[in-house]
>>> print(open('model.pdb').read())   # PDB, C-alpha atoms
ATOM      1  CA  MET A  24       5.890  11.829 -10.798
ATOM      2  CA  GLU A  25       7.539   8.671 -12.158
ATOM      3  CA  PHE A  26       5.457   6.125 -14.085
ATOM      4  CA  LEU A  27       6.480   2.480 -13.568
ATOM      5  CA  ARG A  28       5.261  -0.159 -16.063
ATOM      6  CA  PRO A  29       6.415  -3.676 -15.157
ATOM      7  CA  ALA A  30       5.677  -6.446 -17.647
ATOM      8  CA  ARG A  31       5.904  -9.355 -15.185
ATOM      9  CA  TRP A  32       4.552 -10.001 -11.713
ATOM     10  CA  ASP A  33       8.001 -10.374 -10.155
ATOM     11  CA  GLU A  34       8.969  -7.002 -11.627
ATOM     12  CA  ALA A  35       5.867  -5.419 -10.100
ATOM     13  CA  LEU A  36       6.685  -6.823  -6.647
ATOM     14  CA  ALA A  37      10.264  -5.612  -6.929
ATOM     15  CA  ALA A  38       9.085  -2.139  -7.938
ATOM     16  CA  LYS A  39       6.650  -2.003  -5.011
ATOM     17  CA  ALA A  40       9.402  -3.112  -2.619
ATOM     18  CA  ALA A  41      11.705  -0.408  -3.950
ATOM     19  CA  HIS A  42       8.962   2.253  -3.876
ATOM     20  CA  PRO A  43       6.535   1.402  -1.037
ATOM     21  CA  THR A  44       4.535   4.607  -1.546
ATOM     22  CA  ALA A  45       3.937   3.860  -5.244
ATOM     23  CA  VAL A  46       0.210   3.895  -6.054
ATOM     24  CA  PRO A  47      -0.886   0.843  -8.077
ATOM     25  CA  LEU A  48      -3.029   1.306 -11.185
ATOM     26  CA  ALA A  49      -5.359  -1.604 -11.954
ATOM     27  CA  GLY A  50      -7.954   0.193 -14.066
ATOM     28  CA  GLY A  51      -7.187   3.710 -12.835
ATOM     29  CA  THR A  52     -10.848   4.740 -12.606
ATOM     30  CA  ASP A  53     -10.507   5.845  -8.968
ATOM     31  CA  VAL A  54      -6.886   6.973  -8.973
ATOM     32  CA  MET A  55      -7.241   9.214 -12.015
ATOM     33  CA  VAL A  56     -10.113  11.109 -10.400
ATOM     34  CA  GLU A  57      -7.939  11.822  -7.372
ATOM     35  CA  LEU A  58      -5.066  12.925  -9.578
ATOM     36  CA  ASN A  59      -7.262  15.171 -11.710
ATOM     37  CA  PHE A  60      -8.658  16.905  -8.625
ATOM     38  CA  ASP A  61      -5.185  17.117  -7.075
ATOM     39  CA  ARG A  62      -6.264  15.097  -4.049
ATOM     40  CA  ARG A  63      -3.245  12.838  -4.427
ATOM     41  CA  ARG A  64       0.181  13.481  -5.893
ATOM     42  CA  PRO A  65       2.335  10.350  -5.414
ATOM     43  CA  ASP A  66       5.983  10.189  -6.393
ATOM     44  CA  HIS A  67       5.371   6.966  -8.340
ATOM     45  CA  LEU A  68       2.480   5.346 -10.190
ATOM     46  CA  LEU A  69       2.733   1.571 -10.648
ATOM     47  CA  ASP A  70       0.793   0.451 -13.738
ATOM     48  CA  LEU A  71      -0.179  -3.241 -13.522
ATOM     49  CA  GLY A  72      -1.955  -3.327 -16.877
ATOM     50  CA  ARG A  73       0.827  -5.087 -18.795
ATOM     51  CA  ILE A  74       0.955  -8.163 -16.530
ATOM     52  CA  PRO A  75      -1.017 -10.908 -18.352
ATOM     53  CA  GLU A  76      -1.852 -13.111 -15.358
ATOM     54  CA  LEU A  77      -3.733 -10.306 -13.617
ATOM     55  CA  HIS A  78      -6.257 -10.236 -16.488
ATOM     56  CA  THR A  79      -7.221 -13.921 -16.288
ATOM     57  CA  TRP A  80      -9.393 -16.081 -14.057
ATOM     58  CA  GLU A  81      -9.520 -19.739 -13.108
ATOM     59  CA  THR A  82     -12.686 -21.650 -12.214
ATOM     60  CA  GLY A  83     -12.128 -24.456  -9.724
ATOM     61  CA  PRO A  84     -14.523 -26.927  -8.088
ATOM     62  CA  GLU A  85     -15.496 -24.520  -5.285
ATOM     63  CA  THR A  86     -14.014 -21.101  -6.064
ATOM     64  CA  VAL A  87     -13.172 -18.694  -8.846
ATOM     65  CA  ARG A  88      -9.692 -17.190  -8.712
ATOM     66  CA  LEU A  89     -10.213 -13.771 -10.275
ATOM     67  CA  GLY A  90      -7.145 -11.840 -11.394
ATOM     68  CA  ALA A  91      -6.884  -8.379  -9.857
ATOM     69  CA  CYS A  92      -7.209  -6.590 -13.217
ATOM     70  CA  VAL A  93     -10.093  -8.563 -14.748
ATOM     71  CA  PRO A  94     -12.532  -5.802 -15.816
ATOM     72  CA  TYR A  95     -16.144  -5.691 -14.725
ATOM     73  CA  THR A  96     -17.296  -6.245 -18.300
ATOM     74  CA  ARG A  97     -15.677  -9.686 -18.354
ATOM     75  CA  ILE A  98     -17.395 -10.630 -15.085
ATOM     76  CA  VAL A  99     -20.773  -9.620 -16.510
ATOM     77  CA  GLU A 100     -20.181 -11.469 -19.772
ATOM     78  CA  ARG A 101     -18.299 -14.573 -18.643
ATOM     79  CA  LEU A 102     -19.017 -15.272 -14.979
ATOM     80  CA  PRO A 103     -22.718 -14.594 -14.247
ATOM     81  CA  GLY A 104     -23.332 -18.259 -13.452
ATOM     82  CA  GLU A 105     -20.425 -18.765 -11.074
ATOM     83  CA  LEU A 106     -20.538 -15.284  -9.508
ATOM     84  CA  PRO A 107     -24.096 -13.978  -9.988
ATOM     85  CA  GLY A 108     -24.050 -11.451  -7.140
ATOM     86  CA  LEU A 109     -20.792  -9.921  -8.294
ATOM     87  CA  ALA A 110     -22.020  -9.874 -11.900
ATOM     88  CA  LEU A 111     -25.159  -8.000 -10.836
ATOM     89  CA  ALA A 112     -23.046  -5.494  -8.908
ATOM     90  CA  ALA A 113     -20.687  -5.117 -11.869
ATOM     91  CA  ARG A 114     -23.601  -4.116 -14.097
ATOM     92  CA  THR A 115     -24.213  -1.039 -11.913
ATOM     93  CA  VAL A 116     -20.627   0.238 -12.045
ATOM     94  CA  GLY A 117     -20.253   3.569 -13.818
ATOM     95  CA  SER A 118     -20.530   3.575 -17.604
ATOM     96  CA  PRO A 119     -19.528   0.978 -20.231
ATOM     97  CA  GLN A 120     -16.159   2.695 -20.520
ATOM     98  CA  ILE A 121     -15.560   2.460 -16.777
ATOM     99  CA  ARG A 122     -16.702  -1.173 -16.691
ATOM    100  CA  ASN A 123     -14.203  -1.925 -19.465
ATOM    101  CA  ARG A 124     -11.362  -0.538 -17.335
ATOM    102  CA  GLY A 125     -12.391  -0.882 -13.710
ATOM    103  CA  SER A 126     -11.680  -4.068 -11.767
ATOM    104  CA  VAL A 127     -12.446  -5.753  -8.479
ATOM    105  CA  GLY A 128      -8.771  -5.532  -7.544
ATOM    106  CA  GLY A 129      -8.879  -1.791  -8.046
ATOM    107  CA  ASN A 130     -12.086  -1.546  -6.009
ATOM    108  CA  LEU A 131     -10.419  -3.407  -3.150
ATOM    109  CA  GLY A 132      -7.284  -1.295  -3.362
ATOM    110  CA  ALA A 133      -9.289   1.918  -3.121
ATOM    111  CA  ALA A 134     -11.309   0.418  -0.220
ATOM    112  CA  SER A 135     -14.036   3.027  -0.528
ATOM    113  CA  PRO A 136     -17.051   2.097   1.616
ATOM    114  CA  ALA A 137     -19.172   2.893  -1.465
ATOM    115  CA  GLY A 138     -17.341   0.475  -3.764
ATOM    116  CA  ASP A 139     -19.906  -1.592  -5.662
ATOM    117  CA  ALA A 140     -18.004  -4.900  -5.549
ATOM    118  CA  HIS A 141     -17.619  -5.038  -1.770
ATOM    119  CA  PRO A 142     -21.127  -6.106  -0.675
ATOM    120  CA  ALA A 143     -21.187  -8.924  -3.231
ATOM    121  CA  LEU A 144     -17.747 -10.161  -2.142
ATOM    122  CA  LEU A 145     -18.820 -10.167   1.501
ATOM    123  CA  ALA A 146     -22.043 -12.031   0.740
ATOM    124  CA  ALA A 147     -20.449 -14.611  -1.537
ATOM    125  CA  GLY A 148     -17.482 -15.256   0.729
ATOM    126  CA  ALA A 149     -14.126 -14.179  -0.675
ATOM    127  CA  GLU A 150     -10.442 -14.049   0.187
ATOM    128  CA  VAL A 151      -7.968 -11.518  -1.151
ATOM    129  CA  GLU A 152      -4.660 -12.930  -2.380
ATOM    130  CA  VAL A 153      -1.876 -10.432  -1.746
ATOM    131  CA  ALA A 154       1.838 -10.753  -2.322
ATOM    132  CA  SER A 155       5.189  -9.070  -1.866
ATOM    133  CA  VAL A 156       8.804 -10.075  -2.380
ATOM    134  CA  ARG A 157       8.488 -11.649   1.089
ATOM    135  CA  GLY A 158       5.746 -14.067   0.040
ATOM    136  CA  SER A 159       1.987 -14.253  -0.354
ATOM    137  CA  ARG A 160      -1.036 -14.593   1.947
ATOM    138  CA  LEU A 161      -4.828 -14.818   1.829
ATOM    139  CA  ILE A 162      -6.926 -12.254   3.713
ATOM    140  CA  PRO A 163     -10.650 -12.920   4.363
ATOM    141  CA  VAL A 164     -12.470 -10.065   2.674
ATOM    142  CA  GLU A 165     -14.241  -8.995   5.883
ATOM    143  CA  GLU A 166     -10.802  -8.464   7.444
ATOM    144  CA  PHE A 167      -9.424  -6.585   4.446
ATOM    145  CA  TYR A 168     -11.219  -3.287   5.158
ATOM    146  CA  THR A 169      -9.600  -1.447   8.073
ATOM    147  CA  GLY A 170     -11.128   2.039   7.790
ATOM    148  CA  VAL A 171     -12.420   4.645   5.375
ATOM    149  CA  LYS A 172     -10.382   4.037   2.205
ATOM    150  CA  ARG A 173      -7.889   1.947   4.190
ATOM    151  CA  ASN A 174      -7.069  -1.719   3.782
ATOM    152  CA  ALA A 175      -4.920  -4.451   5.290
ATOM    153  CA  LEU A 176      -2.155  -4.297   2.661
ATOM    154  CA  ALA A 177       1.393  -3.829   3.919
ATOM    155  CA  ASP A 178       3.393  -1.070   2.227
ATOM    156  CA  ASP A 179       5.198  -3.540  -0.045
ATOM    157  CA  GLU A 180       2.173  -5.697  -0.939
ATOM    158  CA  LEU A 181       0.019  -5.811  -4.061
ATOM    159  CA  ILE A 182      -3.327  -7.510  -4.725
ATOM    160  CA  ARG A 183      -2.798 -10.460  -7.040
ATOM    161  CA  ALA A 184      -6.216 -12.136  -7.160
ATOM    162  CA  ILE A 185      -9.528 -12.608  -5.378
ATOM    163  CA  HIS A 186     -10.750 -16.089  -4.474
ATOM    164  CA  ILE A 187     -14.558 -16.100  -4.499
ATOM    165  CA  ARG A 188     -16.841 -18.994  -3.579
ATOM    166  CA  LYS A 189     -18.885 -20.209  -6.540
ATOM    167  CA  ALA A 190     -22.607 -19.750  -6.092
ATOM    168  CA  THR A 191     -24.544 -22.774  -4.874
ATOM    169  CA  GLY A 192     -27.805 -20.833  -4.575
ATOM    170  CA  PRO A 193     -29.466 -17.556  -5.568
ATOM    171  CA  GLN A 194     -27.685 -14.239  -4.985
ATOM    172  CA  GLN A 195     -28.832 -10.646  -5.291
ATOM    173  CA  PHE A 196     -27.444  -7.121  -5.260
ATOM    174  CA  SER A 197     -29.384  -3.901  -4.811
ATOM    175  CA  LYS A 198     -28.146  -0.331  -4.897
ATOM    176  CA  VAL A 199     -29.741   3.019  -4.133
ATOM    177  CA  GLY A 200     -28.409   6.045  -5.993
ATOM    178  CA  THR A 201     -29.445   9.595  -6.721
ATOM    179  CA  ARG A 202     -30.016   8.556 -10.344
ATOM    180  CA  ASN A 203     -30.067   5.298 -12.284
ATOM    181  CA  ALA A 204     -26.578   5.344 -13.813
ATOM    182  CA  MET A 205     -23.092   6.814 -13.357
ATOM    183  CA  VAL A 206     -23.678   7.245  -9.634
ATOM    184  CA  ILE A 207     -21.898   6.577  -6.357
ATOM    185  CA  ALA A 208     -24.090   4.413  -4.145
ATOM    186  CA  VAL A 209     -26.053   6.113  -1.399
ATOM    187  CA  CYS A 210     -26.141   2.605   0.038
ATOM    188  CA  ALA A 211     -26.025  -0.938  -1.298
ATOM    189  CA  PHE A 212     -26.932  -4.417  -0.137
ATOM    190  CA  ALA A 213     -26.032  -7.942  -1.238
ATOM    191  CA  ILE A 214     -27.319 -11.312  -0.118
ATOM    192  CA  ALA A 215     -26.266 -14.844  -1.010
ATOM    193  CA  LEU A 216     -27.967 -18.116  -0.128
ATOM    194  CA  HIS A 217     -25.571 -21.008   0.459
ATOM    195  CA  PRO A 218     -27.737 -24.156   0.438
ATOM    196  CA  ASP A 219     -24.662 -26.403   0.668
ATOM    197  CA  THR A 220     -23.952 -25.043   4.161
ATOM    198  CA  ARG A 221     -27.538 -23.922   4.845
ATOM    199  CA  THR A 222     -26.397 -20.401   5.578
ATOM    200  CA  VAL A 223     -27.125 -16.895   4.354
ATOM    201  CA  ARG A 224     -24.486 -14.172   4.068
ATOM    202  CA  THR A 225     -24.910 -10.443   3.562
ATOM    203  CA  GLY A 226     -22.895  -7.412   2.531
ATOM    204  CA  ILE A 227     -23.654  -3.730   3.114
ATOM    205  CA  GLY A 228     -21.977  -0.851   1.294
ATOM    206  CA  SER A 229     -21.885   2.909   1.802
ATOM    207  CA  ALA A 230     -23.649   2.720   5.172
ATOM    208  CA  ALA A 231     -20.664   2.453   7.548
ATOM    209  CA  PRO A 232     -16.996   3.505   7.592
ATOM    210  CA  THR A 233     -16.201   0.199   5.868
ATOM    211  CA  PRO A 234     -18.223  -2.376   3.951
ATOM    212  CA  VAL A 235     -19.743  -4.730   6.549
ATOM    213  CA  ARG A 236     -21.703  -7.923   7.001
ATOM    214  CA  ALA A 237     -24.914  -7.847   9.026
ATOM    215  CA  ARG A 238     -23.797 -10.713  11.240
ATOM    216  CA  ALA A 239     -26.633 -10.506  13.784
ATOM    217  CA  ALA A 240     -29.122 -10.554  10.907
ATOM    218  CA  GLU A 241     -27.371 -13.564   9.373
ATOM    219  CA  ASP A 242     -27.380 -15.444  12.689
ATOM    220  CA  PHE A 243     -31.073 -14.706  13.226
ATOM    221  CA  LEU A 244     -32.076 -15.766   9.719
ATOM    222  CA  ASN A 245     -29.904 -18.887   9.732
ATOM    223  CA  ALA A 246     -31.502 -19.985  13.010
ATOM    224  CA  ALA A 247     -35.021 -19.171  11.816
ATOM    225  CA  LEU A 248     -34.585 -21.102   8.566
ATOM    226  CA  ALA A 249     -33.129 -24.098  10.375
ATOM    227  CA  GLU A 250     -35.735 -24.187  13.135
ATOM    228  CA  GLY A 251     -38.593 -23.838  10.667
ATOM    229  CA  GLY A 252     -37.331 -26.555   8.329
ATOM    230  CA  HIS A 253     -37.269 -24.071   5.481
ATOM    231  CA  TRP A 254     -34.270 -25.534   3.663
ATOM    232  CA  ASP A 255     -35.841 -29.002   3.405
ATOM    233  CA  GLY A 256     -39.504 -28.116   3.106
ATOM    234  CA  GLY A 257     -39.241 -25.109   0.829
ATOM    235  CA  ARG A 258     -41.495 -23.124   3.119
ATOM    236  CA  ALA A 259     -41.979 -19.432   2.448
ATOM    237  CA  VAL A 260     -40.192 -16.933   4.685
ATOM    238  CA  THR A 261     -42.848 -15.308   6.843
ATOM    239  CA  PRO A 262     -43.282 -11.521   6.954
ATOM    240  CA  SER A 263     -42.229 -11.515  10.609
ATOM    241  CA  ILE A 264     -38.945 -13.270   9.821
ATOM    242  CA  ALA A 265     -38.273 -11.004   6.837
ATOM    243  CA  GLY A 266     -39.128  -7.923   8.889
ATOM    244  CA  ARG A 267     -36.835  -8.853  11.764
ATOM    245  CA  PHE A 268     -34.031  -9.681   9.310
ATOM    246  CA  ALA A 269     -34.458  -6.249   7.725
ATOM    247  CA  GLU A 270     -34.384  -4.519  11.126
ATOM    248  CA  LEU A 271     -31.169  -6.276  12.083
ATOM    249  CA  CYS A 272     -29.554  -5.379   8.749
ATOM    250  CA  ALA A 273     -30.394  -1.716   9.355
ATOM    251  CA  ALA A 274     -28.965  -1.989  12.879
ATOM    252  CA  ALA A 275     -25.650  -3.204  11.429
ATOM    253  CA  CYS A 276     -25.209   0.151   9.679
ATOM    254  CA  ASP A 277     -23.206   3.068  11.066
ATOM    255  CA  PRO A 278     -23.932   5.693   8.397
ATOM    256  CA  ILE A 279     -23.277   9.413   8.121
ATOM    257  CA  ASP A 280     -25.217  12.378   6.791
ATOM    258  CA  ASP A 281     -23.714  13.707   3.565
ATOM    259  CA  VAL A 282     -24.737  15.316   0.288
ATOM    260  CA  ARG A 283     -25.987  11.999  -1.102
ATOM    261  CA  GLY A 284     -28.265  11.036   1.764
ATOM    262  CA  SER A 285     -28.959  11.190   5.486
ATOM    263  CA  ALA A 286     -27.996   8.518   7.982
ATOM    264  CA  ALA A 287     -31.657   7.843   8.699
ATOM    265  CA  TYR A 288     -32.421   7.392   5.001
ATOM    266  CA  ARG A 289     -29.513   4.974   4.574
ATOM    267  CA  ARG A 290     -30.703   2.804   7.456
ATOM    268  CA  HIS A 291     -34.236   2.775   6.067
ATOM    269  CA  ALA A 292     -33.055   1.991   2.536
ATOM    270  CA  VAL A 293     -30.867  -0.888   3.744
ATOM    271  CA  SER A 294     -33.823  -2.394   5.615
ATOM    272  CA  VAL A 295     -36.000  -2.159   2.482
ATOM    273  CA  MET A 296     -33.308  -3.689   0.261
ATOM    274  CA  ALA A 297     -32.666  -6.465   2.788
ATOM    275  CA  ARG A 298     -36.333  -7.429   2.917
ATOM    276  CA  ARG A 299     -36.789  -7.290  -0.864
ATOM    277  CA  THR A 300     -33.616  -9.186  -1.795
ATOM    278  CA  LEU A 301     -34.354 -11.869   0.796
ATOM    279  CA  GLY A 302     -37.757 -12.300  -0.827
ATOM    280  CA  TRP A 303     -36.300 -12.497  -4.320
ATOM    281  CA  THR A 304     -33.554 -14.986  -3.455
ATOM    282  CA  TRP A 305     -35.747 -17.214  -1.303
ATOM    283  CA  GLU A 306     -38.471 -17.413  -3.950
ATOM    284  CA  ALA A 307     -35.830 -18.298  -6.526
ATOM    285  CA  PHE A 308     -34.596 -21.052  -4.207
ATOM    286  CA  ARG A 309     -38.127 -22.385  -3.681
ATOM    287  CA  GLU A 310     -38.715 -22.426  -7.434
ATOM    288  CA  GLY A 311     -35.784 -24.711  -8.025
ATOM    289  CA  GLY A 312     -32.628 -23.142  -6.670
ATOM    290  CA  ALA A 313     -31.982 -20.846  -9.621
ATOM    291  CA  ILE A 314     -28.636 -19.170  -9.095
ATOM    292  CA  THR A 315     -29.060 -16.047 -11.168
ATOM    293  CA  GLY A 316     -31.660 -13.334 -10.876
ATOM    294  CA  GLY A 317     -32.457  -9.742 -11.747
ATOM    295  CA  GLY A 318     -30.691  -6.951  -9.943
ATOM    296  CA  ALA A 319     -32.079  -3.659  -8.766
ATOM    297  CA  GLN A 320     -30.809  -0.124  -8.798
ATOM    298  CA  CYS A 321     -33.192   2.421  -7.394
ATOM    299  CA  ALA A 322     -33.239   6.191  -7.393
TER
END
>>> encode(input="model.pdb", output="structure tokens")
Amino acid sequence: MEFLRPARWDEALAAKAAHPTAVPLAGGTDVMVELNFDRRRPDHLLDLGRIPELHTWETGPETVRLGACVPYTRIVERLPGELPGLALAARTVGSPQIRNRGSVGGNLGAASPAGDAHPALLAAGAEVEVASVRGSRLIPVEEFYTGVKRNALADDELIRAIHIRKATGPQQFSKVGTRNAMVIAVCAFAIALHPDTRTVRTGIGSAAPTPVRARAAEDFLNAALAEGGHWDGGRAVTPSIAGRFAELCAAACDPIDDVRGSAAYRRHAVSVMARRTLGWTWEAFREGGAITGGGAQCA
């Protein structure tokens, strides 16, 4: 196995073009597990850790451009106001050591349906900036996941950054695990209110072959909030609306039975998380549009 360590972005793209099967290392927290258990034995590892621009972020008027190697710890510490849902999700990732190494770019590259960043990215609205020696492109995050641990990257492409919409309203993230730390999600749910467009977006993790949005639930809730004048009047979401939203979120799941939980339990847990996080975010909005809020991780 050959270890490639480019120091510049153009060198990394050239190395990936020359070795299309090279496995990129952003933080290595997923790849090293596979190597240690001999589940993967690539001819080349491509370490991106020495490329400075991948460890930085830029905050614009509407979006945050997050470098692929920015660790979760930095998101928690520096971006909880702009990206509250992602910051809440980042708090639940592994241990402090893993949060110091792991990154959203690495999470996207691994494309595990249980990746903690995915639901928050779907709910917030994000695009993945990818590049090769042929050029660059932006992929909407909901189109990035193509199957279990598969993504839309071409063989010669690398993830450069993630463009994430800055929060204009409350966001939440909730995760169910078999214990309260150092755990792969049994299922996870994220929600983001977007008062500027009067829409709600969702993200579901570990309850389908890929991370997904509950689009039917979003459409129902968006219509219910608009028809009831909730955005202008600050009216409370009724139990019937919250209950139907939760049912539709559960219906968006396509889970499996495995050692961490049954399909039936995952659907039920997603419905509970959907109802609770809708309540939390909407109450925060009614109380003044607070963007940040407390997260939840349940056993």
>>> residues_around(input="model.pdb", residues="segment 67-76 of chain A", least_positions_apart="6", cutoff="7 Å", atoms="all atoms listed in the file", output="count of residues only")
15
>>> closest_residue(input="model.pdb", among="A:Leu131, A:Arg64, A:Val260, A:His42", to="Ala247 of chain A", atoms="all atoms listed in the file")
A:Val260
>>> residues_near_point(input="model.pdb", point="(-18.8, -4.3, 2.8)", cutoff="10 Å", atoms="all atoms listed in the file", output="VMD selection string")
chain A and resid 134 to 146 164 to 165 167 to 168 211 to 213 225 to 237
>>> write_last_selection(input="model.pdb", atoms="C-alpha atoms", output="tab-separated table (two decimals), in the frame of the given file")
chain	number	residue	atom	x	y	z
A	134	ALA	CA	-11.31	0.42	-0.22
A	135	SER	CA	-14.04	3.03	-0.53
A	136	PRO	CA	-17.05	2.10	1.62
A	137	ALA	CA	-19.17	2.89	-1.46
A	138	GLY	CA	-17.34	0.48	-3.76
A	139	ASP	CA	-19.91	-1.59	-5.66
A	140	ALA	CA	-18.00	-4.90	-5.55
A	141	HIS	CA	-17.62	-5.04	-1.77
A	142	PRO	CA	-21.13	-6.11	-0.68
A	143	ALA	CA	-21.19	-8.92	-3.23
A	144	LEU	CA	-17.75	-10.16	-2.14
A	145	LEU	CA	-18.82	-10.17	1.50
A	146	ALA	CA	-22.04	-12.03	0.74
A	164	VAL	CA	-12.47	-10.06	2.67
A	165	GLU	CA	-14.24	-8.99	5.88
A	167	PHE	CA	-9.42	-6.58	4.45
A	168	TYR	CA	-11.22	-3.29	5.16
A	211	ALA	CA	-26.02	-0.94	-1.30
A	212	PHE	CA	-26.93	-4.42	-0.14
A	213	ALA	CA	-26.03	-7.94	-1.24
A	225	THR	CA	-24.91	-10.44	3.56
A	226	GLY	CA	-22.90	-7.41	2.53
A	227	ILE	CA	-23.65	-3.73	3.11
A	228	GLY	CA	-21.98	-0.85	1.29
A	229	SER	CA	-21.88	2.91	1.80
A	230	ALA	CA	-23.65	2.72	5.17
A	231	ALA	CA	-20.66	2.45	7.55
A	232	PRO	CA	-17.00	3.50	7.59
A	233	THR	CA	-16.20	0.20	5.87
A	234	PRO	CA	-18.22	-2.38	3.95
A	235	VAL	CA	-19.74	-4.73	6.55
A	236	ARG	CA	-21.70	-7.92	7.00
A	237	ALA	CA	-24.91	-7.85	9.03
>>> residues_around(input="model.pdb", residues="segment 176-188 of chain A", least_positions_apart="3", cutoff="8 Å", atoms="all atoms listed in the file", output="number ranges by chain")
A: 36, 39-40, 42-44, 47, 77, 85-91, 106, 128, 132, 144, 147-156, 167
>>> resolve_selection(input="model.pdb", expression="the PyMOL selection byres ((chain A and resi 215) around 10)", output="PyMOL selection string")
chain A and resi 107-108+143-148+190-196+213-214+216-218+222-226+300-301+304-305+314
>>> residues_near_point(input="model.pdb", point="(-27.4, -10.4, 11.6)", cutoff="10 Å", atoms="all atoms listed in the file", output="list in words")
Val223, Arg224, Thr225, Arg236, Ala237, Arg238, Ala239, Ala240, Glu241, Asp242, Phe243, Leu244, Asn245, Arg267, Phe268, Ala269, Glu270, Leu271, Cys272, Ala273, Ala274 and Ala275 of chain A
>>> atom_distance(input="model.pdb", atom1="atom CA of Gly125 of chain A", atom2="atom CA of Pro103 of chain A")
17.2 Å
>>> closest_residue(input="model.pdb", among="A:Lys172, A:Arg157, A:Arg309, A:Arg114", to="Gly257 of chain A", atoms="all atoms listed in the file")
A:Arg309
>>> atom_distance(input="model.pdb", atom1="atom CA of Asp277 of chain A", atom2="atom CA of Pro163 of chain A")
21.4 Å
>>> closest_residue(input="model.pdb", among="A:Arg97, A:Arg63, A:Lys189, A:Arg298", to="Pro262 of chain A", atoms="all atoms listed in the file")
A:Arg298
>>> closest_residue(input="model.pdb", among="A:Cys92, A:Ala204, A:Val199, A:Ala41", to="Ser118 of chain A", atoms="all atoms listed in the file")
A:Ala204
>>> residues_around(input="model.pdb", residues="Val116 of chain A", least_positions_apart="5", cutoff="12 Å", atoms="all atoms listed in the file", output="PyMOL selection string")
chain A and resi 52-53+94-96+98-99+109-111+121-127+130+137-141+198+200+203-208+320
>>> atom_distance(input="model.pdb", atom1="atom CA of Arg290 of chain A", atom2="atom CA of Val209 of chain A")
10.5 Å
